[in-house]
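With TSV, C-alpha atoms inside, this is entry_24.tsv:
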```tsv
chain	number	residue	atom	x	y	z
A	265	MET	CA	23.28	4.28	-8.35
A	266	ASN	CA	25.16	1.03	-7.73
A	267	ASN	CA	22.33	-0.59	-5.82
A	268	ILE	CA	19.74	-0.14	-8.57
A	269	LYS	CA	18.55	-3.54	-9.71
A	270	GLN	CA	19.65	-3.88	-13.31
A	271	THR	CA	19.00	-7.52	-14.17
A	272	PHE	CA	15.93	-9.68	-13.64
A	273	SER	CA	15.14	-13.35	-13.94
A	274	ILE	CA	12.10	-14.58	-15.85
A	275	LYS	CA	10.53	-15.32	-12.44
A	276	ASP	CA	11.08	-11.66	-11.48
A	277	LEU	CA	9.25	-10.59	-14.65
A	278	GLU	CA	6.42	-12.98	-13.85
A	279	ASN	CA	6.06	-11.49	-10.35
A	280	LEU	CA	6.36	-7.87	-11.48
A	281	CYS	CA	4.16	-8.02	-14.59
A	282	GLY	CA	1.65	-10.71	-13.70
A	283	VAL	CA	2.44	-12.72	-16.84
A	284	LYS	CA	3.34	-16.40	-16.48
A	285	ALA	CA	6.91	-17.34	-17.35
A	286	HIS	CA	5.56	-19.85	-19.88
A	287	THR	CA	3.67	-17.04	-21.67
A	288	ILE	CA	6.76	-14.81	-21.68
A	289	ARG	CA	8.76	-17.60	-23.34
A	290	ILE	CA	6.02	-18.05	-25.99
A	291	TRP	CA	5.99	-14.30	-26.69
A	292	GLU	CA	9.76	-14.37	-27.11
A	293	LYS	CA	9.79	-17.38	-29.41
A	294	ARG	CA	6.70	-16.60	-31.49
A	295	TYR	CA	6.82	-12.80	-31.64
A	296	ASN	CA	10.42	-11.95	-30.75
A	297	LEU	CA	8.99	-9.62	-28.12
A	298	LEU	CA	12.03	-9.62	-25.81
A	299	SER	CA	15.68	-10.47	-26.34
A	300	PRO	CA	17.08	-11.75	-23.05
A	301	ASN	CA	20.72	-12.25	-22.32
A	302	ARG	CA	21.89	-15.71	-21.35
A	303	THR	CA	24.18	-16.81	-18.55
A	304	GLU	CA	26.88	-19.41	-19.10
A	305	THR	CA	24.34	-21.99	-17.95
A	306	ASN	CA	21.80	-20.70	-20.51
A	307	ILE	CA	19.51	-19.02	-17.96
A	308	ARG	CA	17.57	-15.99	-19.24
A	309	THR	CA	18.29	-12.57	-17.73
A	310	TYR	CA	16.51	-9.29	-18.56
A	311	ASN	CA	17.44	-5.64	-18.16
A	312	LEU	CA	15.30	-2.79	-16.83
A	313	LYS	CA	14.39	-1.72	-20.39
A	314	SER	CA	12.94	-5.18	-21.09
A	315	LEU	CA	10.95	-5.04	-17.86
A	316	GLN	CA	9.49	-1.66	-18.74
A	317	LYS	CA	8.56	-2.89	-22.22
A	318	LEU	CA	6.85	-5.98	-20.81
A	319	LEU	CA	4.89	-3.86	-18.31
A	320	ASN	CA	3.61	-1.70	-21.18
A	321	VAL	CA	2.82	-4.73	-23.34
A	322	THR	CA	0.93	-6.32	-20.46
A	323	TYR	CA	-1.04	-3.12	-20.02
A	324	LEU	CA	-2.04	-3.14	-23.71
A	325	VAL	CA	-2.99	-6.83	-23.59
A	326	ASN	CA	-5.14	-6.19	-20.51
A	327	SER	CA	-6.73	-3.28	-22.39
A	328	GLY	CA	-7.89	-5.58	-25.20
A	329	TYR	CA	-5.03	-5.44	-27.72
A	330	LYS	CA	-3.87	-8.69	-29.34
A	331	ILE	CA	-0.27	-9.69	-28.69
A	332	SER	CA	0.13	-10.39	-32.42
A	333	ARG	CA	-0.67	-6.74	-33.13
A	334	ILE	CA	1.48	-5.37	-30.31
A	335	SER	CA	4.48	-7.40	-31.47
A	336	LYS	CA	4.53	-5.46	-34.76
A	337	LEU	CA	4.95	-2.12	-32.93
A	338	ASN	CA	8.31	-0.62	-32.07
A	339	GLU	CA	9.05	0.61	-28.56
A	340	GLN	CA	8.06	4.21	-29.28
A	341	GLU	CA	4.75	3.10	-30.80
A	342	ILE	CA	4.02	0.89	-27.78
A	343	ASN	CA	4.60	3.86	-25.46
A	344	GLU	CA	2.32	6.05	-27.61
A	345	TYR	CA	-0.44	3.44	-27.55
A	346	VAL	CA	-0.20	3.22	-23.77
A	347	ARG	CA	-0.42	6.99	-23.40
A	348	SER	CA	-3.36	7.20	-25.80
A	349	ILE	CA	-5.58	4.74	-23.90
A	350	VAL	CA	-4.87	5.95	-20.39
A	351	SER	CA	-8.16	7.29	-18.98
A	352	ASP	CA	-9.79	7.93	-15.61
A	353	ASN	CA	-10.91	4.31	-15.38
A	354	SER	CA	-7.79	2.56	-16.58
A	355	SER	CA	-4.92	4.84	-15.55
A	356	LYS	CA	-4.54	3.23	-12.15
A	357	ASN	CA	-2.98	0.09	-13.67
A	358	GLN	CA	-0.45	2.10	-15.62
A	359	ALA	CA	0.25	4.24	-12.55
A	360	ILE	CA	0.99	1.11	-10.51
A	361	ASN	CA	3.42	-0.01	-13.23
A	362	SER	CA	5.11	3.41	-13.19
A	363	PHE	CA	5.41	3.34	-9.40
A	364	LYS	CA	6.99	-0.12	-9.60
A	365	ILE	CA	9.54	1.12	-12.14
A	366	ALA	CA	10.23	4.15	-9.90
A	367	MET	CA	10.74	1.82	-6.95
A	368	LEU	CA	13.11	-0.51	-8.79
A	369	ASN	CA	15.17	2.42	-10.11
A	370	TYR	CA	14.91	4.59	-6.96
A	371	ASP	CA	13.50	7.20	-9.33
A	372	LEU	CA	12.03	10.07	-7.29
A	373	GLU	CA	11.21	12.12	-10.39
A	374	LEU	CA	9.14	9.31	-11.91
A	375	PHE	CA	7.27	8.74	-8.64
A	376	LEU	CA	6.40	12.42	-8.26
A	377	GLY	CA	5.48	12.82	-11.93
A	378	THR	CA	3.17	9.81	-11.82
A	379	TYR	CA	1.55	11.11	-8.64
A	380	GLU	CA	1.00	14.56	-10.17
A	381	GLN	CA	-0.73	12.98	-13.17
A	382	LEU	CA	-3.04	11.05	-10.84
A	383	GLU	CA	-3.83	14.24	-8.91
A	384	GLN	CA	-5.20	15.80	-12.10
A	385	ARG	CA	-7.97	13.16	-12.23
A	386	ARG	CA	-8.43	11.88	-8.67
A	387	ASN	CA	-8.56	13.14	-5.10
A	388	PHE	CA	-6.18	11.73	-2.51
A	389	LYS	CA	-8.73	9.28	-1.11
A	390	GLN	CA	-9.18	7.77	-4.58
A	391	ILE	CA	-5.42	7.66	-5.20
A	392	PHE	CA	-4.77	5.87	-1.92
A	393	ASN	CA	-7.56	3.31	-2.29
A	394	ASP	CA	-7.37	2.72	-6.05
A	395	VAL	CA	-3.60	2.88	-6.54
A	396	PHE	CA	-1.54	2.88	-3.34
A	397	ILE	CA	-3.33	0.01	-1.59
A	398	PRO	CA	-3.04	-2.37	-4.60
A	399	LEU	CA	0.57	-1.22	-5.06
A	400	LEU	CA	1.43	-1.94	-1.41
A	401	LYS	CA	-0.14	-5.40	-1.67
A	402	GLU	CA	1.97	-6.14	-4.75
A	403	ILE	CA	5.09	-4.83	-3.03
A	404	GLY	CA	4.46	-7.14	-0.09
A	405	LEU	CA	4.29	-10.14	-2.42
A	406	LEU	CA	7.38	-9.00	-4.35
A	407	TRP	CA	9.33	-8.71	-1.09
A	408	GLN	CA	8.19	-12.16	0.05
A	409	THR	CA	9.41	-13.71	-3.21
A	410	ASP	CA	12.79	-11.90	-3.05
A	411	THR	CA	12.01	-10.01	-6.26
A	412	ILE	CA	12.77	-6.73	-4.47
A	413	SER	CA	14.90	-5.83	-1.46
A	414	PRO	CA	13.80	-4.13	1.78
A	415	ALA	CA	15.49	-0.97	0.43
A	416	HIS	CA	13.09	-0.91	-2.53
A	417	GLU	CA	10.11	-1.32	-0.20
A	418	HIS	CA	11.31	1.39	2.19
A	419	PHE	CA	11.94	3.83	-0.67
A	420	VAL	CA	8.41	3.71	-2.03
A	421	THR	CA	6.55	3.34	1.29
A	422	ASN	CA	8.30	6.40	2.68
A	423	LEU	CA	7.24	8.42	-0.37
A	424	ILE	CA	3.65	7.26	0.13
A	425	LYS	CA	3.94	8.19	3.80
A	426	GLN	CA	5.05	11.71	2.81
A	427	LYS	CA	1.91	12.12	0.68
A	428	LEU	CA	-0.24	10.86	3.54
A	429	LEU	CA	1.30	13.33	5.99
A	430	LEU	CA	0.77	16.22	3.58
A	431	ASN	CA	-2.91	15.40	3.17
A	432	ILE	CA	-3.39	14.82	6.90
A	433	GLU	CA	-1.94	18.25	7.57
A	434	LYS	CA	-4.40	19.84	5.13
A	435	ASN	CA	-7.31	18.34	7.07
A	436	GLN	CA	-5.87	19.38	10.42
A	437	TYR	CA	-6.44	23.04	9.56
A	438	SER	CA	-10.21	22.44	9.52
A	439	LYS	CA	-12.04	22.55	12.84
A	440	PRO	CA	-13.92	19.36	13.81
A	441	THR	CA	-17.58	19.44	12.85
A	442	LYS	CA	-18.66	16.34	14.84
A	443	ASN	CA	-18.33	16.27	18.62
A	444	ASN	CA	-20.12	13.07	19.66
A	445	LYS	CA	-16.87	11.08	19.78
A	446	ALA	CA	-13.13	11.46	19.40
A	447	PHE	CA	-10.30	9.11	18.45
A	448	VAL	CA	-6.88	8.20	19.81
A	449	LEU	CA	-4.71	6.31	17.31
A	450	PHE	CA	-1.65	4.30	18.36
A	451	LEU	CA	0.39	1.21	17.55
A	452	PRO	CA	1.48	-1.32	20.21
A	453	GLU	CA	5.08	-1.64	21.33
A	454	ASN	CA	7.48	-2.84	18.60
A	455	GLU	CA	4.84	-2.33	15.89
A	456	ILE	CA	6.25	0.07	13.29
A	457	HIS	CA	3.99	-0.49	10.26
A	458	GLU	CA	1.98	2.72	10.40
A	459	LEU	CA	0.77	3.46	6.86
A	460	GLY	CA	-2.64	1.90	7.53
A	461	LEU	CA	-3.09	3.78	10.81
A	462	LEU	CA	-1.99	7.03	9.19
A	463	TYR	CA	-4.63	6.62	6.51
A	464	ILE	CA	-7.30	5.94	9.15
A	465	ASN	CA	-6.21	9.19	10.81
A	466	TYR	CA	-6.71	10.94	7.46
A	467	GLU	CA	-10.23	9.46	7.14
A	468	ILE	CA	-11.18	10.43	10.70
A	469	LEU	CA	-10.15	14.03	10.10
A	470	LEU	CA	-11.86	14.02	6.70
A	471	HIS	CA	-15.10	12.97	8.41
A	472	GLY	CA	-14.88	15.91	10.80
A	473	TYR	CA	-13.86	14.22	14.07
A	474	LYS	CA	-11.21	15.10	16.62
A	475	ALA	CA	-8.16	12.84	16.59
A	476	ILE	CA	-4.90	12.44	18.49
A	477	TYR	CA	-2.29	10.48	16.57
A	478	LEU	CA	0.32	8.92	18.89
A	479	GLY	CA	2.08	6.73	16.32
A	480	PRO	CA	4.21	3.59	16.68
A	481	SER	CA	5.30	1.60	19.72
A	482	ILE	CA	3.11	3.09	22.48
A	483	PRO	CA	2.99	1.26	25.86
A	484	LEU	CA	-0.52	0.74	27.20
A	485	ASP	CA	0.30	2.47	30.48
A	486	ASN	CA	0.86	5.69	28.50
A	487	LEU	CA	-2.81	5.79	27.45
A	488	PRO	CA	-4.97	6.42	30.56
A	489	ASN	CA	-4.51	10.20	30.43
A	490	MET	CA	-6.09	10.08	26.95
A	491	LEU	CA	-9.45	9.36	28.60
A	492	SER	CA	-9.70	13.03	29.54
A	493	PHE	CA	-9.49	13.97	25.87
A	494	HIS	CA	-13.22	13.37	25.30
A	495	GLU	CA	-16.10	11.80	27.22
A	496	ASN	CA	-16.53	9.28	24.40
A	497	THR	CA	-13.03	8.20	23.41
A	498	ILE	CA	-12.39	5.51	20.82
A	499	PHE	CA	-8.93	3.97	20.70
A	500	VAL	CA	-7.80	2.67	17.30
A	501	SER	CA	-4.84	0.37	16.64
A	502	TYR	CA	-3.46	-1.66	13.74
A	503	PHE	CA	-1.83	-5.02	14.51
A	504	THR	CA	0.39	-6.08	11.59
A	505	ILE	CA	3.14	-8.04	13.38
A	506	ARG	CA	2.57	-7.13	17.04
A	507	PRO	CA	1.37	-8.27	19.48
A	508	GLU	CA	2.39	-11.80	18.53
A	509	LYS	CA	-0.38	-14.39	18.41
A	510	ASP	CA	0.57	-15.94	21.76
A	511	ASN	CA	0.39	-12.56	23.51
A	512	ILE	CA	-2.42	-10.72	21.76
A	513	THR	CA	-5.32	-12.00	23.88
A	514	LYS	CA	-3.53	-10.89	27.05
A	515	TYR	CA	-2.80	-7.57	25.38
A	516	VAL	CA	-6.47	-6.73	24.83
A	517	GLN	CA	-7.28	-7.94	28.35
A	518	ASP	CA	-4.61	-5.60	29.71
A	519	PHE	CA	-6.17	-2.79	27.68
A	520	ASN	CA	-9.45	-3.26	29.54
A	521	THR	CA	-7.73	-3.51	32.91
A	522	ILE	CA	-5.74	-0.33	32.39
A	523	LEU	CA	-8.26	1.79	30.49
A	524	CYS	CA	-11.72	0.68	31.54
A	525	LYS	CA	-11.59	0.82	35.33
A	526	GLU	CA	-13.82	3.83	35.80
A	527	LYS	CA	-14.90	4.81	32.33
A	528	THR	CA	-15.95	2.79	29.31
A	529	SER	CA	-14.01	3.36	26.13
A	530	GLU	CA	-14.11	1.52	22.84
A	531	PHE	CA	-11.18	-0.25	21.24
A	532	TRP	CA	-11.23	-0.58	17.45
A	533	MET	CA	-8.67	-2.99	15.98
A	534	LEU	CA	-7.48	-3.95	12.50
A	535	GLY	CA	-4.64	-5.97	11.03
A	536	LYS	CA	-3.85	-9.61	10.37
A	537	GLN	CA	-2.93	-10.32	14.00
A	538	THR	CA	-6.55	-9.76	15.09
A	539	ILE	CA	-7.48	-13.23	13.80
A	540	HIS	CA	-5.83	-14.59	16.96
A	541	ILE	CA	-8.18	-12.69	19.32
A	542	PRO	CA	-11.35	-14.41	20.60
A	543	LYS	CA	-14.08	-12.24	19.10
A	544	ASN	CA	-16.13	-12.31	22.31
A	545	SER	CA	-13.21	-10.96	24.35
A	546	ALA	CA	-15.08	-7.81	25.47
A	547	PRO	CA	-18.26	-5.94	24.46
A	548	ASN	CA	-16.34	-2.69	23.92
A	549	HIS	CA	-13.97	-4.28	21.38
A	550	ARG	CA	-14.61	-4.02	17.65
A	551	TYR	CA	-12.69	-5.76	14.90
A	552	PHE	CA	-12.54	-4.67	11.25
A	553	ASP	CA	-11.23	-6.75	8.36
A	554	SER	CA	-10.36	-3.67	6.28
A	555	ILE	CA	-9.88	0.07	6.48
A	556	SER	CA	-12.93	0.60	4.27
A	557	ALA	CA	-15.06	-1.37	6.76
A	558	LEU	CA	-13.89	0.90	9.57
A	559	THR	CA	-14.51	4.11	7.63
A	560	LEU	CA	-18.13	3.05	7.09
A	561	GLU	CA	-18.57	3.48	10.84
A	562	LEU	CA	-17.36	7.09	10.86
```
Translate this structure into structure tokens?
Amino acid sequence: MNNIKQTFSIKDLENLCGVKAHTIRIWEKRYNLLSPNRTETNIRTYNLKSLQKLLNVTYLVNSGYKISRISKLNEQEINEYVRSIVSDNSSKNQAINSFKIAMLNYDLELFLGTYEQLEQRRNFKQIFNDVFIPLLKEIGLLWQTDTISPAHEHFVTNLIKQKLLLNIEKNQYSKPTKNNKAFVLFLPENEIHELGLLYINYEILLHGYKAIYLGPSIPLDNLPNMLSFHENTIFVSYFTIRPEKDNITKYVQDFNTILCKEKTSEFWMLGKQTIHIPKNSAPNHRYFDSISALTLEL
């Protein structure tokens, strides 16, 4: 594919592997670990093979191996060492590295193969929390630093979304076992970042509750008929970029005006935009700083 990223700067390697550029230069000079190409202005550039090698080397260093020992291994031996020490406790770091390589190379086969290996040792909840959440955080930082393009981010997040939808569907076949409350999940208008809300939907179903998932960009005036869904309805939303900080207080006030005229309902909110809401805005509002904090309440 023409749009596969083939060359990387030393700053890209630092961002992708978590190794300082200064350390990479030392490893090159002292141990001949990598052999970068040079531009006409003598700037280092690295290919995908070098990136993959450095990811594996970093994994071995983080697993307790000395760089002086690793530098004496050839590429095949490095790969064998990595495979030999992967275990239930440590495989998540190597899986994250594999997912990053799959993302950079738009490699569907590598993504699916890595996921299948994880499935042999972990359930989906563990995979999402131990691997996908750290991966998504890293991807966000890589995008902010221009190490990857939006296309890279969309490729891998859509694959994660597919896995989420498959596991949500599995839970939807089970009848709810808890009837004391039910949930309506939605995102505000122009909010399209739904991975977090999808995972909350998965957790709600896993815990045995009823749930209606409405998805992205739902106007508030579309919600009143949801009050007939259950006598104790909890609305859940995830504010990543919307509403904007200047509008978010009015947004939650409008929620109360539209949805709490005759019947009290709770409004559970997450996402970085919630820091702009006065925390005493209403007694039926609850704010969570993480998905794990919310799931503790289920």
Nearest to A:Phe450 by atom-to-atom distance, counting all atoms listed in the file, from A:Leu560, A:Ile498, A:Ile274, A:Leu315: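 Looking only at the distances to A:Phe450, the closest residue turns out to be A:Ile498.
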Which is closer to A:Tyr379 than all the others in A:Lys356, A:Lys442, A:Lys401, A:Lys313, using all atoms listed in the file? A:Lys356
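From atom CA of A:Ser362 back to atom CA of A:Leu374, the distance works out to 7.3 Å.
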Fewer than 2 positions away in the same chain doesn't count, so skip those; otherwise give me all residues within 12 Å of A:Lys275, counting only C-alpha atoms, as an MDAnalysis selection string. chainID A and resid 271:273 277:289 307:310 315 406 409:412
For the point (-10.9, 3.8, 25.4) in file coordinates, what residues are within 9 Å, counting all atoms listed in the file? Give the answer as a PyMOL selection string? chain A and resi 447-448+487-488+490-491+496-500+519-520+523-524+527-531+548
Can you spit out the residues from that selection as a compact mmCIF listing (two decimals), in the frame of the given file, using C-alpha atoms?
```
# COMPACT_ATOMS: atom_id res chain seq x y z
CA PHE A 447 -10.30 9.11 18.45
CA VAL A 448 -6.88 8.20 19.81
CA LEU A 487 -2.81 5.79 27.45
CA PRO A 488 -4.97 6.42 30.56
CA MET A 490 -6.09 10.08 26.95
CA LEU A 491 -9.45 9.36 28.60
CA ASN A 496 -16.53 9.28 24.40
CA THR A 497 -13.03 8.20 23.41
CA ILE A 498 -12.39 5.51 20.82
CA PHE A 499 -8.93 3.97 20.70
CA VAL A 500 -7.80 2.67 17.30
CA PHE A 519 -6.17 -2.79 27.68
CA ASN A 520 -9.45 -3.26 29.54
CA LEU A 523 -8.26 1.79 30.49
CA CYS A 524 -11.72 0.68 31.54
CA LYS A 527 -14.90 4.81 32.33
CA THR A 528 -15.95 2.79 29.31
CA SER A 529 -14.01 3.36 26.13
CA GLU A 530 -14.11 1.52 22.84
CA PHE A 531 -11.18 -0.25 21.24
CA ASN A 548 -16.34 -2.69 23.92
```
Record the distance separating atom CA of A:Asn338 and atom CA of A:Asn357, expressed in Å with one decimal. 21.6 Å
Stretch 501-518 of chain A surroundings by all atoms listed in the file, 9 Å radius, close-in-sequence under 4 positions cut, as number ranges by chain: A: 448-458, 460-461, 484, 522-523, 531-542, 545-546, 549
Distance in Å - atom CA of A:Ile464 versus atom CA of A:Asn431: 12.0 Å
Let me know the centre plus edge lengths, in Å and rounded to one decimal, of a box with edges along x, y and z that contains all listed atoms of stretch 444-463 of chain A and is padded by 4 Å on every side, as JSON.
```
{"center_x": -6.3, "center_y": 5.1, "center_z": 13.9, "size_x": 35.6, "size_y": 23.9, "size_z": 22.8}
```
Selected residue, from A:Gln358, A:Asn369, A:Ser327, A:Asn306, that lies nearest to A:Val420 when counting all atoms listed in the file: A:Asn369
Skipping near chain neighbours, those fewer than 6 positions away, what residues fall within 10 Å of A:Glu339 using all atoms listed in the file, listed as a ChimeraX atom specification? /A:317,320-321,345
Tell me which of A:Ile397, A:Asn326, A:Tyr370, A:Asn465 sits closest to A:His418, counting only C-alpha atoms.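 For A:His418, the nearest of the candidates is A:Tyr370.
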